Each structure stands twice: as structure tokens, then as C-alpha cells.
$ cat my_file-v8.txt   # compact mmCIF, C-alpha atoms
# COMPACT_ATOMS: atom_id res chain seq x y z
CA MET A 1 73.67 143.31 139.90
CA LYS A 2 71.61 141.35 137.38
CA ILE A 3 73.22 140.07 134.19
CA SER A 4 70.69 141.98 132.08
CA LYS A 5 71.75 145.25 133.68
CA ILE A 6 75.43 144.45 133.10
CA LEU A 7 74.68 143.59 129.47
CA SER A 8 72.80 146.85 129.06
CA TYR A 9 75.84 148.80 130.24
CA VAL A 10 78.16 146.79 127.99
CA ILE A 11 75.90 147.40 124.99
CA LEU A 12 75.74 151.10 125.85
CA ALA A 13 79.55 151.30 126.10
CA VAL A 14 80.12 149.45 122.82
CA GLY A 15 77.54 151.64 121.10
CA ALA A 16 79.21 154.79 122.42
CA ILE A 17 82.63 153.58 121.26
CA GLY A 18 81.20 152.72 117.85
CA ALA A 19 79.51 156.11 117.51
CA LEU A 20 82.71 157.90 118.51
CA LEU A 21 84.78 155.88 116.02
CA LEU A 22 82.21 156.51 113.28
CA PHE A 23 82.26 160.26 113.98
CA LEU A 24 86.07 160.42 114.02
CA MET A 25 86.34 158.24 110.93
CA GLY A 26 83.87 160.39 108.97
CA LYS A 27 85.55 163.64 110.02
CA ASN A 28 89.00 162.31 109.15
CA PHE A 29 87.80 160.95 105.80
CA THR A 30 86.49 164.38 104.88
CA GLU A 31 89.85 165.96 105.76
CA LEU A 32 91.71 163.21 103.88
CA MET A 33 89.57 163.70 100.77
CA ASP A 34 90.16 167.46 100.91
CA THR A 35 93.91 166.89 101.26
CA TYR A 36 94.08 164.71 98.16
CA GLY A 37 91.45 166.64 96.18
CA ILE A 38 89.11 163.66 95.92
CA THR A 39 85.34 164.03 95.80
CA GLU A 40 84.35 160.40 96.53
CA ALA A 41 85.70 158.15 99.29
CA LYS A 42 85.96 155.18 96.94
CA ASP A 43 88.67 157.04 95.00
CA LEU A 44 90.94 156.93 98.08
CA VAL A 45 91.50 153.19 97.63
CA LYS A 46 91.79 152.97 93.83
CA ASP A 47 95.59 153.16 93.82
CA GLN A 48 96.71 150.78 96.57
CA SER A 49 100.32 151.95 96.37
CA ALA A 50 99.47 155.58 97.17
CA SER A 51 99.70 157.11 100.62
CA ALA A 52 95.97 157.97 100.46
CA TYR A 53 95.24 154.23 100.53
CA ALA A 54 97.41 153.75 103.62
CA GLU A 55 95.79 156.67 105.41
CA ALA A 56 92.27 155.52 104.48
CA THR A 57 93.07 152.01 105.72
CA ALA A 58 94.38 153.40 109.00
CA LEU A 59 91.12 155.31 109.47
CA VAL A 60 88.94 152.25 108.86
CA SER A 61 90.99 149.76 110.91
CA PRO A 62 89.66 150.74 114.40
CA MET A 63 86.04 150.39 113.25
CA TYR A 64 86.85 147.09 111.54
CA ASN A 65 88.57 145.77 114.65
CA LEU A 66 85.64 146.81 116.85
CA THR A 67 83.29 145.01 114.47
CA LEU A 68 85.37 141.84 114.66
CA VAL A 69 85.44 141.96 118.46
CA ILE A 70 81.66 142.44 118.60
CA ILE A 71 81.05 139.55 116.20
CA VAL A 72 83.31 137.21 118.20
CA VAL A 73 81.64 138.20 121.48
CA ILE A 74 78.16 137.70 120.00
CA ILE A 75 79.08 134.28 118.63
CA ILE A 76 80.57 133.18 121.96
CA ALA A 77 77.58 134.50 123.93
CA THR A 78 75.16 132.77 121.56
CA LEU A 79 76.99 129.45 121.78
CA VAL A 80 77.18 129.65 125.58
CA ALA A 81 73.46 130.46 125.84
CA VAL A 82 72.46 127.67 123.43
CA PHE A 83 74.64 125.00 125.02
CA SER A 84 73.68 125.97 128.58
CA ALA A 85 70.00 125.76 127.64
CA LEU A 86 70.56 122.38 125.99
CA VAL A 87 72.41 121.03 129.03
CA LYS A 88 69.58 122.12 131.33
CA ASN A 89 66.96 120.52 129.07
CA PRO A 90 67.93 117.08 127.70
CA GLU A 91 64.66 116.86 125.74
CA GLY A 92 65.71 120.03 123.93
CA LEU A 93 69.04 118.39 123.10
CA LYS A 94 67.18 115.50 121.48
CA LYS A 95 64.99 117.89 119.45
CA ALA A 96 68.04 119.92 118.39
CA GLY A 97 69.78 116.72 117.28
CA ILE A 98 66.75 115.70 115.21
CA GLY A 99 66.63 119.16 113.62
CA ILE A 100 70.34 119.10 112.76
CA VAL A 101 70.10 115.61 111.24
CA ALA A 102 67.02 116.63 109.23
CA PHE A 103 68.85 119.71 107.92
CA LEU A 104 71.88 117.60 106.98
CA VAL A 105 69.58 115.19 105.13
CA VAL A 106 68.10 118.10 103.15
CA ILE A 107 71.62 119.33 102.31
CA GLY A 108 72.56 115.77 101.27
CA VAL A 109 69.51 115.49 99.01
CA GLY A 110 70.32 118.89 97.51
CA PHE A 111 73.91 117.80 96.90
CA ALA A 112 72.74 114.56 95.27
CA LEU A 113 70.34 116.45 92.98
CA SER A 114 72.92 119.01 91.85
CA SER A 115 75.46 118.65 89.09
CA GLY A 116 78.81 120.38 88.90
CA VAL A 117 80.05 122.05 85.73
CA GLU A 118 83.00 124.40 85.39
CA THR A 119 81.48 127.83 84.86
CA PRO A 120 83.21 131.01 83.64
CA MET A 121 82.37 134.03 85.78
CA ASN A 122 82.14 137.73 84.88
CA ASP A 123 85.53 138.61 86.37
CA GLY A 124 87.37 136.11 84.16
CA GLU A 125 87.77 133.48 86.89
CA VAL A 126 86.37 129.97 86.49
CA LEU A 127 84.11 128.40 89.10
CA SER A 128 85.24 124.81 89.63
CA ALA A 129 82.93 121.86 89.12
CA SER A 130 83.00 121.23 92.88
CA GLY A 131 82.09 124.85 93.64
CA SER A 132 79.31 124.71 91.08
CA LYS A 133 77.97 121.52 92.67
CA TRP A 134 77.90 123.18 96.11
CA VAL A 135 76.09 126.22 94.72
CA GLY A 136 73.54 123.88 93.14
CA ALA A 137 73.25 121.97 96.43
CA GLY A 138 72.48 125.22 98.27
CA LEU A 139 69.83 126.19 95.73
CA HIS A 140 68.22 122.75 95.79
CA ALA A 141 68.24 122.73 99.61
CA PHE A 142 66.62 126.18 99.62
CA TYR A 143 63.91 125.03 97.21
CA LEU A 144 63.28 121.87 99.24
CA LEU A 145 63.02 123.81 102.50
CA ALA A 146 60.72 126.39 100.86
CA ALA A 147 58.49 123.61 99.48
CA ILE A 148 58.36 121.94 102.90
CA ALA A 149 57.46 125.25 104.59
CA VAL A 150 54.71 126.02 102.05
CA GLY A 151 53.39 122.46 102.33
CA LEU A 152 53.25 122.68 106.12
CA MET A 153 51.44 126.04 105.96
CA VAL A 154 48.88 124.64 103.52
CA ALA A 155 48.41 121.54 105.65
CA SER A 156 47.95 123.67 108.76
CA GLY A 157 45.38 125.85 106.97
CA ILE A 158 43.44 122.81 105.73
CA LYS A 159 43.56 121.29 109.22
CA LYS A 160 42.08 124.48 110.69
CA LEU A 161 39.36 124.58 108.02
CA ILE A 162 38.34 121.00 108.68
CA GLY A 163 38.24 121.67 112.40
CA LYS A 164 41.10 119.67 113.81
$ encode --input "my_file-v8.txt" --output "C-alpha cells"
Amino acid sequence: MKISKILSYVILAVGAIGALLLFLMGKNFTELMDTYGITEAKDLVKDQSASAYAEATALVSPMYNLTLVIIVVIIIATLVAVFSALVKNPEGLKKAGIGIVAFLVVIGVGFALSSGVETPMNDGEVLSASGSKWVGAGLHAFYLLAAIAVGLMVASGIKKLIGK
């Protein structure tokens, strides 16, 4: 049996389990809301000491656990596929290394351009100077990558207009 066929069956099974859990969770939430006289599901978790919170958490836990399992499986499958492709193609490994180093250089430039200042947030917490610097680094890196992408698109368009 081909791996694609096996994966199709696994995806079908996980989808069926997810649909069943979603159906059961929705039905049970409706019954739980009727029991406690609540009109909105968000009101079930307002008082974390109440039994409604415990029951609502118990209803959501299977779906949450399934989601975690799916995410872990997807990450592992992705890493296996990427590394097996890189092992089979050493030239691809070199290109991936160059791409990773280039990305790290952009992050480094963004970090160097940013400044960190303690910042009060809306919830009363304070964002540390280090956290502020990392946020700035992410924004600067995004702007640099966007500028590079736009520049490369413009250069490609000009190259096509000139005729190679």
C-alpha cells in the first residue's frame, strides 16, 4: 500500500474523530448552558471556581488534546520530510544553510536597529525593555524583508521590460 493512501486513511480517521468530538462537545455545551441557565458559552468560564467551569473544561479537553496530537504529528512529519529531502540533496542543504544564515542576518540587523523601552500595556502589566527590543526587532525584520521582496519584484519587472 502506498504511503499516500495510508496518509489519506489517517487524515480521514482524524477528521472523523474531530467531527465526532465537535458534535459531542457542541451538544453537551448546549445541555450544560441549559442546566446553568446561561445564554452564552463564554459565561461558563467566568467564575473559575464554579462547577460549570469544571464541566466546560472537561468538555473541551478531548478536542484540545486531539489538536495537540495533530500539531505534534504534523511538526514531526514536516521535519522528517524536510531533513530526508536535504539528506538526499546536498546542494539543497547548502541552499537551506544560506537561507537560514541570511534570515539570521536580517533578524540581527533588525535587533541592532531596535531600541528597548519599558512600556506599560493595557492590562496594567509592563513590557520589559528586552521584550520591547525583541518586538522592535521583529518589526524591523518584517520591514526589511518586505522592502527586499518589493525591490526584487521591481527589479524582475524592469529586467523583463528591458528584455533580459
$ closest_residue --input "my_file-v8.txt" --among "A:Leu104, A:Val80, A:Leu32, A:Leu20" --to "Ala137 in chain A" --atoms "only C-alpha atoms"
A:Leu104
$ closest_residue --input "my_file-v8.txt" --among "A:Leu24, A:Leu139, A:Ile76, A:Val150" --to "Ser115 in chain A" --atoms "all atoms listed in the file"
A:Leu139
$ atom_distance --input "my_file-v8.txt" --atom1 "CA of Leu12 in chain A" --atom2 "CA of Ala77 in chain A"
16.8 Å
$ atom_distance --input "my_file-v8.txt" --atom1 "CA of Gly138 in chain A" --atom2 "CA of Ala112 in chain A"
11.1 Å
$ axis_aligned_box --input "my_file-v8.txt" --around "range 9-16 of chain A" --padding-each-side "3 Å" --output "JSON"
{"center_x": 77.9, "center_y": 150.8, "center_z": 125.7, "size_x": 10.4, "size_y": 14.0, "size_z": 15.1}
$ closest_residue --input "my_file-v8.txt" --among "A:Met33, A:Ala13, A:Ile70, A:Val87" --to "Tyr53 in chain A" --atoms "all atoms listed in the file"
A:Met33
$ atom_distance --input "my_file-v8.txt" --atom1 "CA of Thr67 in chain A" --atom2 "CA of Phe83 in chain A"
24.2 Å
$ residues_around --input "my_file-v8.txt" --residues "Gly108 in chain A" --least-positions-apart "6" --cutoff "12 Å" --atoms "all atoms listed in the file" --output "list in words"
Val101, Ala102, Ser114, Lys133, Trp134, Gly136, Ala137, Gly138, His140, Ala141 and Leu144 of chain A
$ write_last_selection --input "my_file-v8.txt" --atoms "C-alpha atoms" --output "mmCIF file, in the frame of the given file"
data_model
loop_
_atom_site.group_PDB
_atom_site.id
_atom_site.type_symbol
_atom_site.label_atom_id
_atom_site.label_comp_id
_atom_site.auth_asym_id
_atom_site.auth_seq_id
_atom_site.Cartn_x
_atom_site.Cartn_y
_atom_site.Cartn_z
ATOM 1 C CA VAL A 101 70.100 115.610 111.240
ATOM 2 C CA ALA A 102 67.020 116.630 109.230
ATOM 3 C CA SER A 114 72.920 119.010 91.850
ATOM 4 C CA LYS A 133 77.970 121.520 92.670
ATOM 5 C CA TRP A 134 77.900 123.180 96.110
ATOM 6 C CA GLY A 136 73.540 123.880 93.140
ATOM 7 C CA ALA A 137 73.250 121.970 96.430
ATOM 8 C CA GLY A 138 72.480 125.220 98.270
ATOM 9 C CA HIS A 140 68.220 122.750 95.790
ATOM 10 C CA ALA A 141 68.240 122.730 99.610
ATOM 11 C CA LEU A 144 63.280 121.870 99.240
#
$ closest_residue --input "my_file-v8.txt" --among "A:Leu22, A:Leu145, A:Ala129, A:Leu161" --to "Tyr64 in chain A" --atoms "only C-alpha atoms"
A:Leu22
$ residues_around --input "my_file-v8.txt" --residues "Gly18 in chain A" --least-positions-apart "4" --cutoff "8 Å" --atoms "all atoms listed in the file" --output "ChimeraX atom specification"
/A:14,22,63,66
$ residues_around --input "my_file-v8.txt" --residues "Ser61 in chain A" --least-positions-apart "6" --cutoff "12 Å" --atoms "all atoms listed in the file" --output "mmCIF file with C-alpha atoms, in the coordinates of the input"
data_model
loop_
_atom_site.group_PDB
_atom_site.id
_atom_site.type_symbol
_atom_site.label_atom_id
_atom_site.label_comp_id
_atom_site.auth_asym_id
_atom_site.auth_seq_id
_atom_site.Cartn_x
_atom_site.Cartn_y
_atom_site.Cartn_z
ATOM 1 C CA LEU A 21 84.780 155.880 116.020
ATOM 2 C CA LEU A 22 82.210 156.510 113.280
ATOM 3 C CA MET A 25 86.340 158.240 110.930
ATOM 4 C CA ALA A 54 97.410 153.750 103.620
ATOM 5 C CA GLU A 55 95.790 156.670 105.410
ATOM 6 C CA THR A 67 83.290 145.010 114.470
ATOM 7 C CA LEU A 68 85.370 141.840 114.660
#
